[in-house]
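S.K.: Sharing a structure here in structure tokens format.
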Amino acid sequence: MKKNEDGNFVLSGREHGGYRWFKPLQVILFTAAFYAVLLGAVLVMTILAGLMSGVSPGEILSGNSRGYDNVDMYTPVGAIMNIGSIAVLLPALFFATLVVRYRSFGTYQSVTGKWRMRHFLIYFVTGLIVVALPLAICSFIKGEATGEIHFTIAGFIICMVLGFCQCMAEEHIFRGLLMQTFGGWTRITTVAIILQAVPFAIIHPYNITGKISVLLSGILMGVMVYISGGLEASCAYHILNNVTLYIINGFGIQTVSTNLNISDLVFDVLVQGAFIVLIVFLTGKIGEKRK
């Protein structure tokens, strides 16, 4: 990929007035500070909700320490703790941009400097066929259905709402803040796309095959952003993938696991590859990157 070209979202971080190499670091540090405060608020809320539900603070804090096999995302307490604790990265970044003030929050979303809702809805609706449907079909083929429903009614509602927010938060941090930071420093699109995927893989508590799968996913979602000129496509994919998995696992259709195998990796890459082909096709239909 070229070092510089018009409408390149990955390298657009240098285009903002007042840019200096250390400005992104300031945003990252303030994001971390605001995140610590918001995470503390989430922990307090979770502990209070847990006490009302008979769940001890110890059980809450150790909920996902052993990976995804024992994580609770299906009760209000579990959803707030395990999904909400990531979702608050989104307001943390927003508040950080208000403090540093060398660029607007919208510039982390697309080359137009704002969220393109029409683009997102088109990617999301078409992605139901390319992403969500294959995931659902594959889960039935695996034959892991237990019939055990993990969701409570309140848990399902909270999981769905926070699931959307969690995916949006991760895309803004990794494919927005970090990818543009690396793009500004290196001025090389390919390097920036690869670098942002490394911490994305590290934070996911999978086995080695799972981490490789997440690394490739991070890279491919970076490619989605590069092609479409914003986060709308990668957010649509991320939401469809995660929320579909939450649903099929929460209703006992498939068992969530920390240990992925090669077939899981290949399937994920094929689905993402198909979605990228869809993005390439749709980009010419819904307008150029800057529209």
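Residues are referred to by chain and number: the chain letter is A, B, ... according to the order shown in the structure tokens, the number counts from 1 in that chain, and ligands are numbered separately from 1 in the order shown.
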Per residue of segment 43-101 of chain A within 10 Å of segment 170-189 of chain A, what are the shortest atom pair and its distance in Å to one decimal, counting only C-alpha atoms, with rows by chain and residue number, as a Markdown table?

M.R.:
```
| residue | atom | partner | partner_atom | distance |
| --- | --- | --- | --- | --- |
| A:Ile86 | CA | A:Glu170 | CA | 7.6 |
| A:Ala87 | CA | A:Glu170 | CA | 7.8 |
| A:Val88 | CA | A:Glu170 | CA | 9.9 |
| A:Leu89 | CA | A:Glu170 | CA | 7.5 |
| A:Leu90 | CA | A:His172 | CA | 7.0 |
| A:Ala92 | CA | A:Ile173 | CA | 9.8 |
| A:Leu93 | CA | A:Ile173 | CA | 7.6 |
| A:Phe94 | CA | A:His172 | CA | 9.8 |
```

S.K.: Write out as an MDAnalysis selection string the residues lying within 10 Å of Thr209 of chain A, counting only C-alpha atoms and excluding same-chain residues fewer than 5 positions away.

M.R.: chainID A and resid 214:215 258:265

S.K.: How would the residues just picked look written out with N, CA and C atoms as a short mmCIF file (atom, residue, chain, number, x, y, z; two decimals), in the first residue's frame?

M.R.:
```
data_model
loop_
_atom_site.label_atom_id
_atom_site.label_comp_id
_atom_site.auth_asym_id
_atom_site.auth_seq_id
_atom_site.Cartn_x
_atom_site.Cartn_y
_atom_site.Cartn_z
N VAL A 214 -7.26 -13.78 16.04
CA VAL A 214 -7.62 -12.40 16.38
C VAL A 214 -6.66 -11.42 15.72
N LEU A 215 -5.38 -11.79 15.65
CA LEU A 215 -4.40 -10.94 14.96
C LEU A 215 -4.78 -10.74 13.50
N THR A 258 -12.20 -20.79 25.03
CA THR A 258 -10.96 -20.05 24.90
C THR A 258 -10.03 -20.71 23.89
N ASN A 259 -10.22 -22.01 23.68
CA ASN A 259 -9.33 -22.79 22.81
C ASN A 259 -9.92 -22.93 21.41
N LEU A 260 -9.40 -22.15 20.48
CA LEU A 260 -9.81 -22.25 19.09
C LEU A 260 -8.89 -23.19 18.33
N ASN A 261 -9.39 -23.77 17.25
CA ASN A 261 -8.56 -24.64 16.42
C ASN A 261 -8.38 -24.05 15.03
N ILE A 262 -7.64 -24.74 14.19
CA ILE A 262 -7.33 -24.23 12.86
C ILE A 262 -8.60 -24.02 12.03
N SER A 263 -9.56 -24.91 12.17
CA SER A 263 -10.79 -24.77 11.39
C SER A 263 -11.54 -23.49 11.77
N ASP A 264 -11.51 -23.12 13.06
CA ASP A 264 -12.13 -21.86 13.50
C ASP A 264 -11.41 -20.68 12.86
N LEU A 265 -10.08 -20.75 12.83
CA LEU A 265 -9.28 -19.68 12.25
C LEU A 265 -9.60 -19.51 10.77
#
```

S.K.: Can you list, as number ranges by chain, every residue of segment 35-230 of chain A that DSSP puts in alpha helix (DSSP H)?

M.R.: A: 35-53, 57-61, 76-82, 84-87, 89-100, 117-127, 133-142, 153-170, 179-186, 189-202, 208-228

S.K.: Store the residues of this selection in a file with C-alpha atoms, as a short mmCIF file (atom, residue, chain, number, x, y, z; two decimals), in the first residue's frame.

M.R.:
```cif
data_model
loop_
_atom_site.label_atom_id
_atom_site.label_comp_id
_atom_site.auth_asym_id
_atom_site.auth_seq_id
_atom_site.Cartn_x
_atom_site.Cartn_y
_atom_site.Cartn_z
CA TYR A 35 -10.96 4.87 31.26
CA ALA A 36 -9.58 4.17 34.74
CA VAL A 37 -12.21 6.47 36.26
CA LEU A 38 -15.07 5.00 34.19
CA LEU A 39 -13.89 1.46 34.86
CA GLY A 40 -13.98 2.22 38.56
CA ALA A 41 -17.58 3.36 38.18
CA VAL A 42 -18.42 0.14 36.30
CA LEU A 43 -16.84 -1.94 39.07
CA VAL A 44 -18.84 -0.12 41.74
CA MET A 45 -22.07 -0.58 39.79
CA THR A 46 -21.29 -4.25 39.21
CA ILE A 47 -20.47 -4.95 42.84
CA LEU A 48 -23.67 -3.23 44.00
CA ALA A 49 -25.72 -5.18 41.45
CA GLY A 50 -23.93 -8.35 42.53
CA LEU A 51 -24.70 -7.80 46.19
CA MET A 52 -28.36 -7.37 45.29
CA SER A 53 -28.21 -10.63 43.30
CA PRO A 57 -17.27 -9.24 44.79
CA GLY A 58 -14.68 -12.02 44.57
CA GLU A 59 -16.78 -13.96 42.08
CA ILE A 60 -17.31 -10.84 40.00
CA LEU A 61 -13.65 -9.84 39.84
CA PRO A 76 -26.99 -8.24 34.25
CA VAL A 77 -24.02 -8.49 36.60
CA GLY A 78 -21.91 -10.44 34.12
CA ALA A 79 -22.81 -8.27 31.13
CA ILE A 80 -22.06 -5.02 32.94
CA MET A 81 -18.73 -6.33 34.22
CA ASN A 82 -17.39 -8.20 31.21
CA GLY A 84 -19.46 -2.79 29.99
CA SER A 85 -15.87 -2.63 31.24
CA ILE A 86 -14.74 -2.50 27.59
CA ALA A 87 -17.59 -0.34 26.30
CA LEU A 89 -13.43 3.00 26.32
CA LEU A 90 -15.67 4.87 23.88
CA PRO A 91 -16.62 7.77 26.20
CA ALA A 92 -13.05 7.72 27.54
CA LEU A 93 -11.71 8.51 24.06
CA PHE A 94 -14.41 11.14 23.55
CA PHE A 95 -13.48 12.96 26.77
CA ALA A 96 -9.77 12.71 25.90
CA THR A 97 -10.36 14.51 22.58
CA LEU A 98 -12.13 17.30 24.44
CA VAL A 99 -9.10 17.78 26.68
CA VAL A 100 -6.33 17.59 24.07
CA MET A 117 -24.78 6.40 9.48
CA ARG A 118 -25.99 5.54 5.98
CA HIS A 119 -22.75 3.69 5.27
CA PHE A 120 -22.98 1.81 8.57
CA LEU A 121 -26.57 0.71 8.01
CA ILE A 122 -25.79 -0.58 4.50
CA TYR A 123 -22.77 -2.53 5.73
CA PHE A 124 -24.73 -3.86 8.71
CA VAL A 125 -27.80 -5.01 6.78
CA THR A 126 -25.81 -6.69 4.00
CA GLY A 127 -23.49 -8.15 6.63
CA LEU A 133 -25.89 -16.11 8.79
CA PRO A 134 -22.71 -18.19 8.19
CA LEU A 135 -21.85 -17.93 11.90
CA ALA A 136 -25.30 -19.16 12.89
CA ILE A 137 -25.25 -22.02 10.34
CA CYS A 138 -21.75 -23.08 11.42
CA SER A 139 -22.82 -23.20 15.06
CA PHE A 140 -25.65 -25.62 14.21
CA ILE A 141 -23.33 -27.78 12.08
CA LYS A 142 -20.87 -28.13 14.98
CA ILE A 153 -34.37 -11.29 30.28
CA ALA A 154 -32.55 -8.29 31.74
CA GLY A 155 -29.22 -9.90 30.93
CA PHE A 156 -30.18 -10.34 27.28
CA ILE A 157 -31.20 -6.68 26.91
CA ILE A 158 -28.06 -5.38 28.64
CA CYS A 159 -25.83 -7.77 26.67
CA MET A 160 -27.26 -6.64 23.34
CA VAL A 161 -26.95 -2.92 24.15
CA LEU A 162 -23.49 -3.17 25.66
CA GLY A 163 -22.40 -5.61 22.94
CA PHE A 164 -22.94 -2.89 20.34
CA CYS A 165 -21.09 -0.36 22.49
CA GLN A 166 -18.20 -2.73 23.19
CA CYS A 167 -17.53 -3.36 19.50
CA MET A 168 -17.78 0.35 18.70
CA ALA A 169 -15.33 1.09 21.50
CA GLU A 170 -12.76 -1.45 20.32
CA MET A 179 -4.04 2.84 13.73
CA GLN A 180 -3.99 6.56 12.97
CA THR A 181 -1.28 7.06 15.59
CA PHE A 182 0.94 4.44 13.94
CA GLY A 183 -0.01 5.82 10.52
CA GLY A 184 1.06 9.31 11.56
CA TRP A 185 4.37 8.08 12.90
CA THR A 186 5.35 5.66 10.15
CA THR A 189 -0.42 2.25 5.65
CA THR A 190 0.50 -1.45 5.78
CA VAL A 191 2.72 -1.03 8.84
CA ALA A 192 0.01 0.91 10.71
CA ILE A 193 -2.61 -1.74 9.93
CA ILE A 194 -0.37 -4.54 11.20
CA LEU A 195 0.85 -2.73 14.31
CA GLN A 196 -2.62 -1.90 15.64
CA ALA A 197 -3.63 -5.56 15.34
CA VAL A 198 -0.88 -6.72 17.72
CA PRO A 199 -2.28 -5.24 20.98
CA PHE A 200 -5.76 -6.18 19.75
CA ALA A 201 -4.68 -9.84 19.70
CA ILE A 202 -2.81 -9.61 23.00
CA ILE A 208 -2.16 -19.40 20.57
CA THR A 209 -4.38 -20.38 17.63
CA GLY A 210 -7.06 -18.03 18.87
CA LYS A 211 -4.59 -15.16 19.22
CA ILE A 212 -3.37 -15.73 15.66
CA SER A 213 -7.00 -15.68 14.53
CA VAL A 214 -7.62 -12.40 16.38
CA LEU A 215 -4.40 -10.94 14.96
CA LEU A 216 -5.55 -11.74 11.43
CA SER A 217 -9.01 -10.38 12.27
CA GLY A 218 -7.46 -7.13 13.47
CA ILE A 219 -5.47 -6.82 10.26
CA LEU A 220 -8.47 -7.62 8.06
CA MET A 221 -10.66 -5.13 9.93
CA GLY A 222 -7.90 -2.58 9.36
CA VAL A 223 -8.15 -3.38 5.66
CA MET A 224 -11.93 -2.84 5.86
CA VAL A 225 -11.29 0.62 7.29
CA TYR A 226 -8.68 1.42 4.65
CA ILE A 227 -11.00 0.42 1.78
CA SER A 228 -14.12 2.16 3.11
#
```

S.K.: Take atom CA of His150 of chain A and atom CA of Gly54 of chain A and report the distance between them in Å, one decimal.

M.R.: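 These atoms are spaced 17.1 Å apart.
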
S.K.: So, counting only C-alpha atoms, which residue among A:Val256, A:Val111, A:Val269, A:Ile203 is closest to Thr244 of chain A?

M.R.: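 Result for the nearest residue to Thr244 of chain A: A:Val256.
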
S.K.: Which residue out of A:Ile253, A:Cys235, A:Ala32, A:Leu11 has the minimum interatomic distance to Ala145 of chain A when only C-alpha atoms are used?

M.R.: A:Ile253

S.K.: Rank nothing, just name the residue among A:Arg101, A:Gly67, A:Ala236, A:Asn207 nearest to Gln26 of chain A, using only C-alpha atoms.

M.R.: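 For Gln26 of chain A, the nearest of the candidates is A:Arg101.
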
S.K.: Tell me which of A:Asn241, A:Ser110, A:Thr75, A:Ser104 sits closest to Thr152 of chain A, counting only C-alpha atoms.

M.R.: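 Of the candidates, the smallest distance to Thr152 of chain A is held by A:Thr75.
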
S.K.: Hey, can you check how far atom CA of Phe275 of chain A sits from atom CA of Leu128 of chain A?

M.R.: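 According to the coordinates, atom CA of Phe275 of chain A and atom CA of Leu128 of chain A are separated by 10.3 Å.
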